[in-house]
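Everything on this sheet refers to the single structure shown next.
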Amino acid sequence: MEFTSTLADYIEARISEFDEISTSRVAELAALTEWVNRQQASLSPIGLNFICTHNSRRSHLAQIWAGVAAQHFGKKDVATFSGGTEATAFHPNAVAAIKRCGFDVAAEPNPTASPTDNPIYAVRTSPNSSPWRCFSKVYDQPPNPSADFAAVMVCDSANAACPVVPGASLKIALPYVDPKISDGTDSESATYDERCRQIAREMLFAFAK
């Protein structure tokens, strides 16, 4: 898989930080690792739907980094998705954060939005790679899967609001602190970068095992 040089360096930096992941967090990530490995061993497709409340920040970051981790470690037949309990938009601060990591990102109008309040972002690991087409959507809205996937809940409120995710083979709670806590402050970019690093590190760790 091709990565921009900036992104390749970023990936190696996050891998070097695996020892920063706490023992308790490793235990939480184990459920994701075990499900991916079990699906791969049975030659079954691996669908991962990352879910938060607004599908604006954490769920998109997790979708993208899980996809990168699968590619980096040669996991085949992995498809990553994201959704919310409600739809808003992929937040510009989160988009800026992935650009700083080295992703190639291009926005295009969303024909279902009015008029462009929920744009579609084509996110690529290199200019010639196939993109993730990222936009905010409810977790069961196409193109998200309707069956045989793992629902990974990346915020506590979505986890509480969805005790059962229809069609999911497994539900995993893996919450992250919402970087929106720093929106409009001097620490805005630093907070988004920190959360991006954490999610990248943990997705890479989960797929490395």
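Here, A, B, ... name the chains of the structure tokens in the order displayed, residue numbers run from 1 inside each chain, and ligands are numbered from 1 in the same displayed order.
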
Could you make a table, as a Markdown table, of the residues of stretch 71-114 of chain A that have an atom within 8 Å of an atom of stretch 4-20 of chain A, each with its nearest atom pair and distance in Å to one decimal, counting only C-alpha atoms, in chain and number order?
```
| residue | atom | partner | partner_atom | distance |
| --- | --- | --- | --- | --- |
| A:Cys101 | CA | A:Leu7 | CA | 5.7 |
| A:Gly102 | CA | A:Leu7 | CA | 4.4 |
| A:Phe103 | CA | A:Leu7 | CA | 6.5 |
```

Kindly assemble as a tab-separated table a list of the stretch 48-167 of chain A residues that lie within 12 Å of stretch 26-30 of chain A, each paired with its nearest atom pair and their distance in Å to one decimal, using only C-alpha atoms, sorted first by chain and then by ascending residue number.
```
residue	atom	partner	partner_atom	distance
A:Val152	CA	A:Leu29	CA	10.4
A:Met153	CA	A:Glu28	CA	11.7
A:Val154	CA	A:Glu28	CA	11.6
```

Kindly save the residues from that selection, with N, CA and C atoms included, as a PDB file, in the first residue's frame.
```pdb
ATOM      1  N   VAL A 152     -18.158  -0.552  16.830  1.00  0.00           N
ATOM      2  CA  VAL A 152     -17.162  -0.064  17.789  1.00  0.00           C
ATOM      3  C   VAL A 152     -17.617   1.307  18.268  1.00  0.00           C
ATOM      4  N   MET A 153     -18.021   1.381  19.521  1.00  0.00           N
ATOM      5  CA  MET A 153     -18.603   2.602  20.081  1.00  0.00           C
ATOM      6  C   MET A 153     -17.480   3.471  20.638  1.00  0.00           C
ATOM      7  N   VAL A 154     -17.235   4.608  19.993  1.00  0.00           N
ATOM      8  CA  VAL A 154     -16.089   5.431  20.365  1.00  0.00           C
ATOM      9  C   VAL A 154     -16.472   6.622  21.241  1.00  0.00           C
TER      10      VAL A 154
END
```

Quiz item: Where in stretch 5-179 of chain A does DSSP assign helix (DSSP H, G or I), given as a ChimeraX atom specification?
Solution: /A:5-15,18-20,23-41,58-72,92-101,156-161,179

Quiz item: From the set A:Arg38, A:Arg133, A:Lys76, A:Arg201, which residue has the shortest atom-to-atom contact distance to A:Pro109, counting only C-alpha atoms?
Solution: A:Arg133

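Residue nearest A:Gln39, chosen from A:His72, A:Phe149, A:Ile172, A:Cys155 and counting only C-alpha atoms: A:Phe149.
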
Exercise. Tell me, as number ranges by chain, which residues lie within 12 Å of A:Ile98, counting only C-alpha atoms; anything in the same chain fewer than 2 positions away does not count.
Key: A: 6-7, 10, 57-58, 60-65, 90-96, 100-106, 121-125, 189, 192-197, 199-200

Those same residues - C-alpha atoms - I'd like them written as a PDB file, in the first residue's frame.
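Ended up saving to again00.pdb:
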```pdb
ATOM      1  CA  THR A   6       4.716  12.290   5.786  1.00  0.00           C
ATOM      2  CA  LEU A   7       2.075   9.672   6.553  1.00  0.00           C
ATOM      3  CA  TYR A  10       3.673   9.366  11.145  1.00  0.00           C
ATOM      4  CA  ARG A  57     -14.771  13.690  14.823  1.00  0.00           C
ATOM      5  CA  ARG A  58     -13.819  10.507  16.704  1.00  0.00           C
ATOM      6  CA  HIS A  60     -14.199   9.375  11.337  1.00  0.00           C
ATOM      7  CA  LEU A  61     -10.695   9.343  12.814  1.00  0.00           C
ATOM      8  CA  ALA A  62     -11.164   5.757  13.988  1.00  0.00           C
ATOM      9  CA  GLN A  63     -12.562   4.649  10.620  1.00  0.00           C
ATOM     10  CA  ILE A  64      -9.616   6.115   8.749  1.00  0.00           C
ATOM     11  CA  TRP A  65      -6.914   4.882  11.125  1.00  0.00           C
ATOM     12  CA  PHE A  90     -17.101  15.779   9.325  1.00  0.00           C
ATOM     13  CA  HIS A  91     -15.802  18.625  11.474  1.00  0.00           C
ATOM     14  CA  PRO A  92     -13.244  20.951   9.814  1.00  0.00           C
ATOM     15  CA  ASN A  93     -10.906  20.673  12.823  1.00  0.00           C
ATOM     16  CA  ALA A  94     -10.783  16.888  12.469  1.00  0.00           C
ATOM     17  CA  VAL A  95     -10.255  17.215   8.717  1.00  0.00           C
ATOM     18  CA  ALA A  96      -7.359  19.611   9.362  1.00  0.00           C
ATOM     19  CA  ARG A 100      -1.403  17.377   9.149  1.00  0.00           C
ATOM     20  CA  CYS A 101      -0.761  13.633   9.421  1.00  0.00           C
ATOM     21  CA  GLY A 102      -0.048  13.441   5.692  1.00  0.00           C
ATOM     22  CA  PHE A 103      -3.343  12.280   4.195  1.00  0.00           C
ATOM     23  CA  ASP A 104      -4.412  13.578   0.799  1.00  0.00           C
ATOM     24  CA  VAL A 105      -7.861  15.115   1.383  1.00  0.00           C
ATOM     25  CA  ALA A 106     -10.261  16.654  -1.144  1.00  0.00           C
ATOM     26  CA  TYR A 121     -14.237  14.176   1.837  1.00  0.00           C
ATOM     27  CA  ALA A 122     -12.152  11.848  -0.303  1.00  0.00           C
ATOM     28  CA  VAL A 123      -9.376  10.764   2.064  1.00  0.00           C
ATOM     29  CA  ARG A 124      -6.391   9.012   0.489  1.00  0.00           C
ATOM     30  CA  THR A 125      -3.122   7.619   1.838  1.00  0.00           C
ATOM     31  CA  SER A 189      -5.061  22.180  17.079  1.00  0.00           C
ATOM     32  CA  TYR A 192      -7.085  17.424  17.842  1.00  0.00           C
ATOM     33  CA  ASP A 193      -3.525  16.325  17.091  1.00  0.00           C
ATOM     34  CA  GLU A 194      -3.330  14.550  20.444  1.00  0.00           C
ATOM     35  CA  ARG A 195      -6.577  12.671  19.847  1.00  0.00           C
ATOM     36  CA  CYS A 196      -5.508  11.794  16.317  1.00  0.00           C
ATOM     37  CA  ARG A 197      -2.234  10.382  17.645  1.00  0.00           C
ATOM     38  CA  ILE A 199      -6.536   6.832  17.842  1.00  0.00           C
ATOM     39  CA  ALA A 200      -3.816   6.116  15.267  1.00  0.00           C
TER      40      ALA A 200
END
```

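Counting only C-alpha atoms and comparing A:Ala97, A:Phe3, A:Ser157, A:Ser42, the residue that lies closest to A:Pro127 is A:Phe3.
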
Quiz prompt | Residue neighbourhood A:Ile120, 6 Å, only C-alpha atoms, exclusion window fewer than 6 positions, as an MDAnalysis selection string | solution = chainID A and resid 107:108 110 134:135

Output C-alpha atoms of each residue in that selection to a file, as a CSV table (one decimal), in the first residue's frame.
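Dumped everything to part_26.csv:
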```
chain,number,residue,atom,x,y,z
A,107,ALA,CA,-13.8,17.9,-0.5
A,108,GLU,CA,-16.7,17.6,-2.9
A,110,ASN,CA,-22.8,16.1,-1.1
A,134,CYS,CA,-16.1,10.4,4.5
A,135,PHE,CA,-19.3,12.3,5.4
```

Exercise. Would you mind telling me which residue in A:Ala168, A:Ser56, A:Ala69, A:Trp35 lies nearest to A:Phe205 when using only C-alpha atoms?
Key: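 The shortest atom-to-atom distance to A:Phe205 comes from A:Ala69.
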
Any idea what's packed within 12 Å of A:Ala161, counting only C-alpha atoms, ignoring anything in its chain fewer than 3 positions away? Could you give it as a PDB file with C-alpha atoms, in the first residue's frame?
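Generated output (part-v7.pdb):
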```
ATOM      1  CA  ILE A  51     -20.010   4.920  15.996  1.00  0.00           C
ATOM      2  CA  CYS A  52     -20.248   8.132  18.025  1.00  0.00           C
ATOM      3  CA  THR A  53     -23.034  10.649  18.576  1.00  0.00           C
ATOM      4  CA  GLY A  84     -23.557   8.526  14.405  1.00  0.00           C
ATOM      5  CA  THR A  85     -26.769   8.384  16.333  1.00  0.00           C
ATOM      6  CA  GLU A  86     -27.427  11.556  14.345  1.00  0.00           C
ATOM      7  CA  MET A 153     -18.603   2.602  20.081  1.00  0.00           C
ATOM      8  CA  CYS A 155     -18.106   7.657  22.700  1.00  0.00           C
ATOM      9  CA  ASP A 156     -19.914   6.865  25.939  1.00  0.00           C
ATOM     10  CA  SER A 157     -23.138   8.639  24.987  1.00  0.00           C
ATOM     11  CA  ALA A 158     -23.561   6.651  21.761  1.00  0.00           C
ATOM     12  CA  VAL A 164     -28.092  -3.006  20.772  1.00  0.00           C
ATOM     13  CA  VAL A 165     -26.846  -2.120  17.284  1.00  0.00           C
TER      14      VAL A 165
END
```

Quiz item: Can you list every residue in chain A that DSSP puts in strand (DSSP E or B), as a ChimeraX atom specification?
Solution: /A:46-52,78-84,104-108,120-124,132-134,138,149-153,168-173
